[in-house]
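Asker: Pasting a structure below so you can have a look.
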Amino acid sequence: MSVNTDKARSIIGDIAKVIEEQKQYLSDLDQAIGDGDHGFNMARGFEAVTRKLEEAPGADIGEVLKTVAMALISNVGGASGPLYGTLFLKASGAAKGLAEIGLADFIPLLKEGIAGVQARGKAVVGEKTMIDVLVPALESLEKDCAAGLSGKAAFANAEKLAAQCMEKTKDILAKKGRASYLGERSIGHIDPGAASSYMMIAAISKALD
Ligand code: ADP
Ligand code: MG
């Protein structure tokens, strides 16, 4: 796996596309256990991301990710805006000056990003949030990287695991965010943020060659 700045921009474009296509589905998930805005929030955010990257494409991966972060922070409402904003902002810090990354370089970006989300949102695995997908995906990538797998193979595994972890959020009682107000009634529904995180990992996986 080798992702240069152009490829990074194109992967962000793939993520924007899937979020746009799935915005109704993501909002339907949120309708069941929240306020029904997750997909529309995210689609508005990634629309701004696309616009901002056209205006200022960025000279390296760090700059691209920073533009993504700022656009999400200012355009996605709700809990997920600042959380995804933080994910990309921390990742951008770790990617500062990098024009090309492989799997081993990607891992610290995701790690820093997740640490930022957890510092801000205080969620751990098992509370029915995006963290339930992001943390296992990171661990899977780390394990496969250490075992010497290619980026493509590692992402294929991470995508599969992320899909399972997203499905598993159905069985979990929400402990964080709006869905936590529902208590037991949050059980039986996929967490919308877990679903959007899965979509991002799947988009990266599909884009790798
Ligand atoms: P809101 O709940 O404010 O309407 P969204 O609907 O856009 O915001 O996003 C909801 C998603 O945000 C949830 O499905 C969950 O994955 C994620 N989320 C909420 N609170 C937290 C938290 N403290 N830590 C991590 N993720 C969270
Ligand atoms: Mg919501």
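Letters A, B, ... go to the chains of the structure tokens in the order shown; residues in each chain start at 1; ligands are counted from 1 in the same order.
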Once you count only C-alpha atoms and all ligand atoms, what closest atom pair and distance in Å to one decimal does each residue of chain A within 9 Å of ligand 2 have, with rows by chain and rising residue number, as CSV?

Answerer:
residue,atom,partner,partner_atom_place_in_ligand_line,distance
A:Ser27,CA,ligand 2,1 (Mg),7.5
A:Asp30,CA,ligand 2,1 (Mg),5.6
A:Gln31,CA,ligand 2,1 (Mg),7.5
A:Ile33,CA,ligand 2,1 (Mg),8.4
A:Gly34,CA,ligand 2,1 (Mg),5.1
A:Asp35,CA,ligand 2,1 (Mg),4.5
A:Gly36,CA,ligand 2,1 (Mg),5.2
A:Asp37,CA,ligand 2,1 (Mg),4.5
A:His38,CA,ligand 2,1 (Mg),4.7
A:Gly39,CA,ligand 2,1 (Mg),8.3
A:Asn41,CA,ligand 2,1 (Mg),8.1
A:Gly77,CA,ligand 2,1 (Mg),8.6
A:Gly78,CA,ligand 2,1 (Mg),6.2
A:Ala79,CA,ligand 2,1 (Mg),7.4
A:Ser80,CA,ligand 2,1 (Mg),7.9
A:Gly177,CA,ligand 2,1 (Mg),8.8
A:Arg178,CA,ligand 2,1 (Mg),7.2
A:Ala179,CA,ligand 2,1 (Mg),8.6
A:Pro192,CA,ligand 2,1 (Mg),8.2

Asker: Given only C-alpha atoms and all ligand atoms as the basis, pick out the residue of A:Val133, A:Ala153, A:Leu110, A:Leu161 nearest to ligand 1.

Answerer: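 Nearest candidate to ligand 1 out of A:Val133, A:Ala153, A:Leu110, A:Leu161: A:Val133.
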
Asker: Based on DSSP run over this structure's backbone, return all residues of segment 5-173 of chain A in helix (DSSP H, G or I), as number ranges by chain.

Answerer: A: 5-21, 23-33, 38-55, 61-75, 80-94, 103-121, 131-146, 151-171

Asker: Name all residues at most 12 Å from Leu149 of chain A (count only C-alpha atoms; drop same-chain ones fewer than 5 positions away) and give them as a PDB file with all heavy atoms, in the first residue's frame.

Answerer:
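So the final result, stored in selection25.pdb, reads:
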ATOM      1  N   MET A   1       0.846  -1.196   0.000  1.00  0.00           N
ATOM      2  CA  MET A   1       0.000   0.000   0.000  1.00  0.00           C
ATOM      3  C   MET A   1       0.876   1.238   0.000  1.00  0.00           C
ATOM      4  O   MET A   1       1.766   1.370   0.824  1.00  0.00           O
ATOM      5  CB  MET A   1      -0.893  -0.038   1.259  1.00  0.00           C
ATOM      6  CG  MET A   1      -1.276   1.304   1.859  1.00  0.00           C
ATOM      7  SD  MET A   1      -2.259   1.090   3.364  1.00  0.00           S
ATOM      8  CE  MET A   1      -2.478   2.804   3.825  1.00  0.00           C
ATOM      9  N   GLY A 102       2.516   4.412   3.827  1.00  0.00           N
ATOM     10  CA  GLY A 102       2.180   2.996   3.714  1.00  0.00           C
ATOM     11  C   GLY A 102       1.384   2.590   4.949  1.00  0.00           C
ATOM     12  O   GLY A 102       1.045   3.438   5.781  1.00  0.00           O
ATOM     13  N   LEU A 103       1.117   1.298   5.069  1.00  0.00           N
ATOM     14  CA  LEU A 103       0.330   0.800   6.201  1.00  0.00           C
ATOM     15  C   LEU A 103       0.962   1.189   7.540  1.00  0.00           C
ATOM     16  O   LEU A 103       0.278   1.669   8.446  1.00  0.00           O
ATOM     17  CB  LEU A 103       0.179  -0.729   6.109  1.00  0.00           C
ATOM     18  CG  LEU A 103      -0.542  -1.393   7.281  1.00  0.00           C
ATOM     19  CD1 LEU A 103      -1.966  -0.867   7.428  1.00  0.00           C
ATOM     20  CD2 LEU A 103      -0.541  -2.914   7.118  1.00  0.00           C
ATOM     21  N   ALA A 104       2.281   0.994   7.647  1.00  0.00           N
ATOM     22  CA  ALA A 104       2.955   1.269   8.922  1.00  0.00           C
ATOM     23  C   ALA A 104       2.868   2.744   9.301  1.00  0.00           C
ATOM     24  O   ALA A 104       2.878   3.075  10.483  1.00  0.00           O
ATOM     25  CB  ALA A 104       4.418   0.831   8.846  1.00  0.00           C
ATOM     26  N   SER A 140      -6.726  -4.559  14.494  1.00  0.00           N
ATOM     27  CA  SER A 140      -6.572  -5.522  13.413  1.00  0.00           C
ATOM     28  C   SER A 140      -5.455  -5.079  12.462  1.00  0.00           C
ATOM     29  O   SER A 140      -4.605  -5.885  12.052  1.00  0.00           O
ATOM     30  CB  SER A 140      -7.918  -5.648  12.688  1.00  0.00           C
ATOM     31  OG  SER A 140      -7.805  -6.444  11.547  1.00  0.00           O
ATOM     32  N   LEU A 141      -5.424  -3.793  12.134  1.00  0.00           N
ATOM     33  CA  LEU A 141      -4.369  -3.271  11.250  1.00  0.00           C
ATOM     34  C   LEU A 141      -3.000  -3.422  11.899  1.00  0.00           C
ATOM     35  O   LEU A 141      -2.026  -3.805  11.242  1.00  0.00           O
ATOM     36  CB  LEU A 141      -4.631  -1.797  10.926  1.00  0.00           C
ATOM     37  CG  LEU A 141      -5.836  -1.484  10.039  1.00  0.00           C
ATOM     38  CD1 LEU A 141      -6.054   0.024   9.949  1.00  0.00           C
ATOM     39  CD2 LEU A 141      -5.680  -2.078   8.641  1.00  0.00           C
ATOM     40  N   GLU A 142      -2.933  -3.142  13.193  1.00  0.00           N
ATOM     41  CA  GLU A 142      -1.649  -3.257  13.908  1.00  0.00           C
ATOM     42  C   GLU A 142      -1.135  -4.694  13.888  1.00  0.00           C
ATOM     43  O   GLU A 142       0.038  -4.953  13.632  1.00  0.00           O
ATOM     44  CB  GLU A 142      -1.818  -2.802  15.368  1.00  0.00           C
ATOM     45  CG  GLU A 142      -1.866  -1.306  15.512  1.00  0.00           C
ATOM     46  CD  GLU A 142      -2.020  -0.834  16.961  1.00  0.00           C
ATOM     47  OE1 GLU A 142      -2.864  -1.405  17.691  1.00  0.00           O
ATOM     48  OE2 GLU A 142      -1.297   0.092  17.350  1.00  0.00           O
ATOM     49  N   LYS A 143      -2.049  -5.625  14.154  1.00  0.00           N
ATOM     50  CA  LYS A 143      -1.677  -7.045  14.195  1.00  0.00           C
ATOM     51  C   LYS A 143      -1.190  -7.495  12.811  1.00  0.00           C
ATOM     52  O   LYS A 143      -0.159  -8.141  12.688  1.00  0.00           O
ATOM     53  CB  LYS A 143      -2.900  -7.854  14.652  1.00  0.00           C
ATOM     54  CG  LYS A 143      -2.692  -9.350  14.703  1.00  0.00           C
ATOM     55  CD  LYS A 143      -3.891 -10.066  15.314  1.00  0.00           C
ATOM     56  CE  LYS A 143      -5.145 -10.043  14.459  1.00  0.00           C
ATOM     57  NZ  LYS A 143      -5.240 -10.877  13.299  1.00  0.00           N
ATOM     58  N   ASP A 144      -1.932  -7.126  11.782  1.00  0.00           N
ATOM     59  CA  ASP A 144      -1.583  -7.557  10.423  1.00  0.00           C
ATOM     60  C   ASP A 144      -0.320  -6.874   9.918  1.00  0.00           C
ATOM     61  O   ASP A 144       0.449  -7.464   9.147  1.00  0.00           O
ATOM     62  CB  ASP A 144      -2.744  -7.290   9.466  1.00  0.00           C
ATOM     63  CG  ASP A 144      -3.864  -8.305   9.645  1.00  0.00           C
ATOM     64  OD1 ASP A 144      -3.658  -9.305  10.366  1.00  0.00           O
ATOM     65  OD2 ASP A 144      -4.952  -8.099   9.068  1.00  0.00           O
ATOM     66  N   ALA A 154      -4.380  -6.207   4.860  1.00  0.00           N
ATOM     67  CA  ALA A 154      -4.686  -5.770   6.228  1.00  0.00           C
ATOM     68  C   ALA A 154      -6.009  -5.003   6.258  1.00  0.00           C
ATOM     69  O   ALA A 154      -6.841  -5.202   7.155  1.00  0.00           O
ATOM     70  CB  ALA A 154      -3.554  -4.901   6.770  1.00  0.00           C
ATOM     71  N   PHE A 155      -6.218  -4.150   5.261  1.00  0.00           N
ATOM     72  CA  PHE A 155      -7.470  -3.387   5.221  1.00  0.00           C
ATOM     73  C   PHE A 155      -8.671  -4.273   4.911  1.00  0.00           C
ATOM     74  O   PHE A 155      -9.772  -4.029   5.397  1.00  0.00           O
ATOM     75  CB  PHE A 155      -7.377  -2.216   4.242  1.00  0.00           C
ATOM     76  CG  PHE A 155      -7.094  -0.922   4.944  1.00  0.00           C
ATOM     77  CD1 PHE A 155      -5.800  -0.450   5.067  1.00  0.00           C
ATOM     78  CD2 PHE A 155      -8.115  -0.199   5.534  1.00  0.00           C
ATOM     79  CE1 PHE A 155      -5.527   0.721   5.753  1.00  0.00           C
ATOM     80  CE2 PHE A 155      -7.860   0.969   6.219  1.00  0.00           C
ATOM     81  CZ  PHE A 155      -6.562   1.435   6.332  1.00  0.00           C
ATOM     82  N   ALA A 156      -8.441  -5.311   4.113  1.00  0.00           N
ATOM     83  CA  ALA A 156      -9.541  -6.244   3.831  1.00  0.00           C
ATOM     84  C   ALA A 156      -9.988  -6.909   5.136  1.00  0.00           C
ATOM     85  O   ALA A 156     -11.187  -7.038   5.404  1.00  0.00           O
ATOM     86  CB  ALA A 156      -9.099  -7.280   2.804  1.00  0.00           C
ATOM     87  N   ASN A 157      -9.022  -7.304   5.967  1.00  0.00           N
ATOM     88  CA  ASN A 157      -9.356  -7.906   7.267  1.00  0.00           C
ATOM     89  C   ASN A 157     -10.036  -6.892   8.190  1.00  0.00           C
ATOM     90  O   ASN A 157     -11.010  -7.215   8.877  1.00  0.00           O
ATOM     91  CB  ASN A 157      -8.093  -8.436   7.954  1.00  0.00           C
ATOM     92  CG  ASN A 157      -7.569  -9.700   7.288  1.00  0.00           C
ATOM     93  OD1 ASN A 157      -8.323 -10.418   6.628  1.00  0.00           O
ATOM     94  ND2 ASN A 157      -6.285  -9.975   7.459  1.00  0.00           N
ATOM     95  N   ALA A 158      -9.492  -5.677   8.202  1.00  0.00           N
ATOM     96  CA  ALA A 158     -10.043  -4.636   9.079  1.00  0.00           C
ATOM     97  C   ALA A 158     -11.482  -4.315   8.666  1.00  0.00           C
ATOM     98  O   ALA A 158     -12.358  -4.099   9.508  1.00  0.00           O
ATOM     99  CB  ALA A 158      -9.184  -3.377   9.030  1.00  0.00           C
TER     100      ALA A 158
END

Asker: Quick one: residues within 7 Å of Ala43 of chain A, only C-alpha atoms, excluding same-chain residues fewer than 6 positions away - as a ChimeraX atom specification?

Answerer: /A:19-20,23

Asker: Which residue gives the smallest distance to Gly193 of chain A among A:Leu98, A:Ile107, A:Ala8, A:Leu29, with only C-alpha atoms counted?

Answerer: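 Of A:Leu98, A:Ile107, A:Ala8, A:Leu29, the one nearest Gly193 of chain A, counting only C-alpha atoms, is A:Leu29.
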
Asker: Neighbours of Lys7 of chain A within 10 Å (only C-alpha atoms; same-chain residues fewer than 4 positions away dropped), as a list of chain:residue names?

Answerer: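 Residues near the query, excluding close chain neighbours: A:Ser2, A:Val3, A:Ile11, A:Ile12, A:Gly13, A:Ile61, A:Glu100, A:Ala207, A:Leu208.
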
Asker: Quick one: everything within 10 Å of segment 122-128 of chain A, counting only C-alpha atoms, minus sequence neighbours fewer than 4 positions away in the same chain. Send it as a ChimeraX atom specification.

Answerer: /A:115-118,132-136,165-166,168-177,179-180,186-187,189-194

Asker: Counting only C-alpha atoms, which residue out of A:Asn75, A:Thr67, A:Thr86, A:Thr50 sits closest to Ser10 of chain A?

Answerer: A:Thr50

Asker: Can you measure atom CA of Glu159 of chain A to atom CA of Met199 of chain A for me? One decimal in Å is fine.

Answerer: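 One can read the atom CA of Glu159 of chain A to atom CA of Met199 of chain A distance as 8.8 Å.
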
Asker: To test your reading of the structure, identify every residue in chain A that backbone DSSP assigns to strand (DSSP E or B), and report it as a ChimeraX atom specification.

Answerer: /A:3-4,100-101

Asker: Grab the residues selected above and save them as a PDB file, in the first residue's frame with all heavy atoms.

Answerer:
ATOM      1  N   VAL A   3       0.056   5.350  -0.426  1.00  0.00           N
ATOM      2  CA  VAL A   3      -0.950   6.393  -0.651  1.00  0.00           C
ATOM      3  C   VAL A   3      -0.233   7.738  -0.680  1.00  0.00           C
ATOM      4  O   VAL A   3       0.353   8.157   0.316  1.00  0.00           O
ATOM      5  CB  VAL A   3      -2.020   6.356   0.466  1.00  0.00           C
ATOM      6  CG1 VAL A   3      -2.934   7.573   0.379  1.00  0.00           C
ATOM      7  CG2 VAL A   3      -2.849   5.070   0.382  1.00  0.00           C
ATOM      8  N   ASN A   4      -0.241   8.377  -1.845  1.00  0.00           N
ATOM      9  CA  ASN A   4       0.344   9.719  -1.926  1.00  0.00           C
ATOM     10  C   ASN A   4      -0.761  10.761  -1.715  1.00  0.00           C
ATOM     11  O   ASN A   4      -1.914  10.410  -1.450  1.00  0.00           O
ATOM     12  CB  ASN A   4       1.111   9.909  -3.243  1.00  0.00           C
ATOM     13  CG  ASN A   4       0.204   9.797  -4.463  1.00  0.00           C
ATOM     14  OD1 ASN A   4      -1.016   9.920  -4.351  1.00  0.00           O
ATOM     15  ND2 ASN A   4       0.790   9.562  -5.619  1.00  0.00           N
ATOM     16  N   GLU A 100       3.524  10.765   1.293  1.00  0.00           N
ATOM     17  CA  GLU A 100       3.239   9.383   0.890  1.00  0.00           C
ATOM     18  C   GLU A 100       3.269   8.500   2.140  1.00  0.00           C
ATOM     19  O   GLU A 100       4.174   8.631   2.955  1.00  0.00           O
ATOM     20  CB  GLU A 100       4.337   8.941  -0.090  1.00  0.00           C
ATOM     21  CG  GLU A 100       4.103   7.575  -0.678  1.00  0.00           C
ATOM     22  CD  GLU A 100       4.429   7.559  -2.173  1.00  0.00           C
ATOM     23  OE1 GLU A 100       5.191   8.421  -2.638  1.00  0.00           O
ATOM     24  OE2 GLU A 100       3.912   6.664  -2.850  1.00  0.00           O
ATOM     25  N   ILE A 101       2.269   7.636   2.278  1.00  0.00           N
ATOM     26  CA  ILE A 101       2.256   6.758   3.450  1.00  0.00           C
ATOM     27  C   ILE A 101       1.946   5.311   3.055  1.00  0.00           C
ATOM     28  O   ILE A 101       1.217   5.047   2.108  1.00  0.00           O
ATOM     29  CB  ILE A 101       1.232   7.223   4.530  1.00  0.00           C
ATOM     30  CG1 ILE A 101      -0.197   7.258   3.976  1.00  0.00           C
ATOM     31  CG2 ILE A 101       1.624   8.564   5.113  1.00  0.00           C
ATOM     32  CD1 ILE A 101      -1.262   7.522   5.035  1.00  0.00           C
TER      33      ILE A 101
END

Asker: Kindly give the distance, in Å, that separates atom 21 (C, counted along the ligand's line) of ligand 1 and atom CA of Thr129 of chain A, rounded to a single decimal.

Answerer: 5.8 Å

Asker: So what do you get for atom CA of Ile73 of chain A versus atom CA of Gly85 of chain A, distance-wise?

Answerer: 4.9 Å

Asker: Tell me which of A:Asp28, A:Asp6, A:Glu63, A:Glu139 sits closest to ligand 1, counting only C-alpha atoms and all ligand atoms.

Answerer: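 Among the listed residues, A:Asp28 lies closest to ligand 1.
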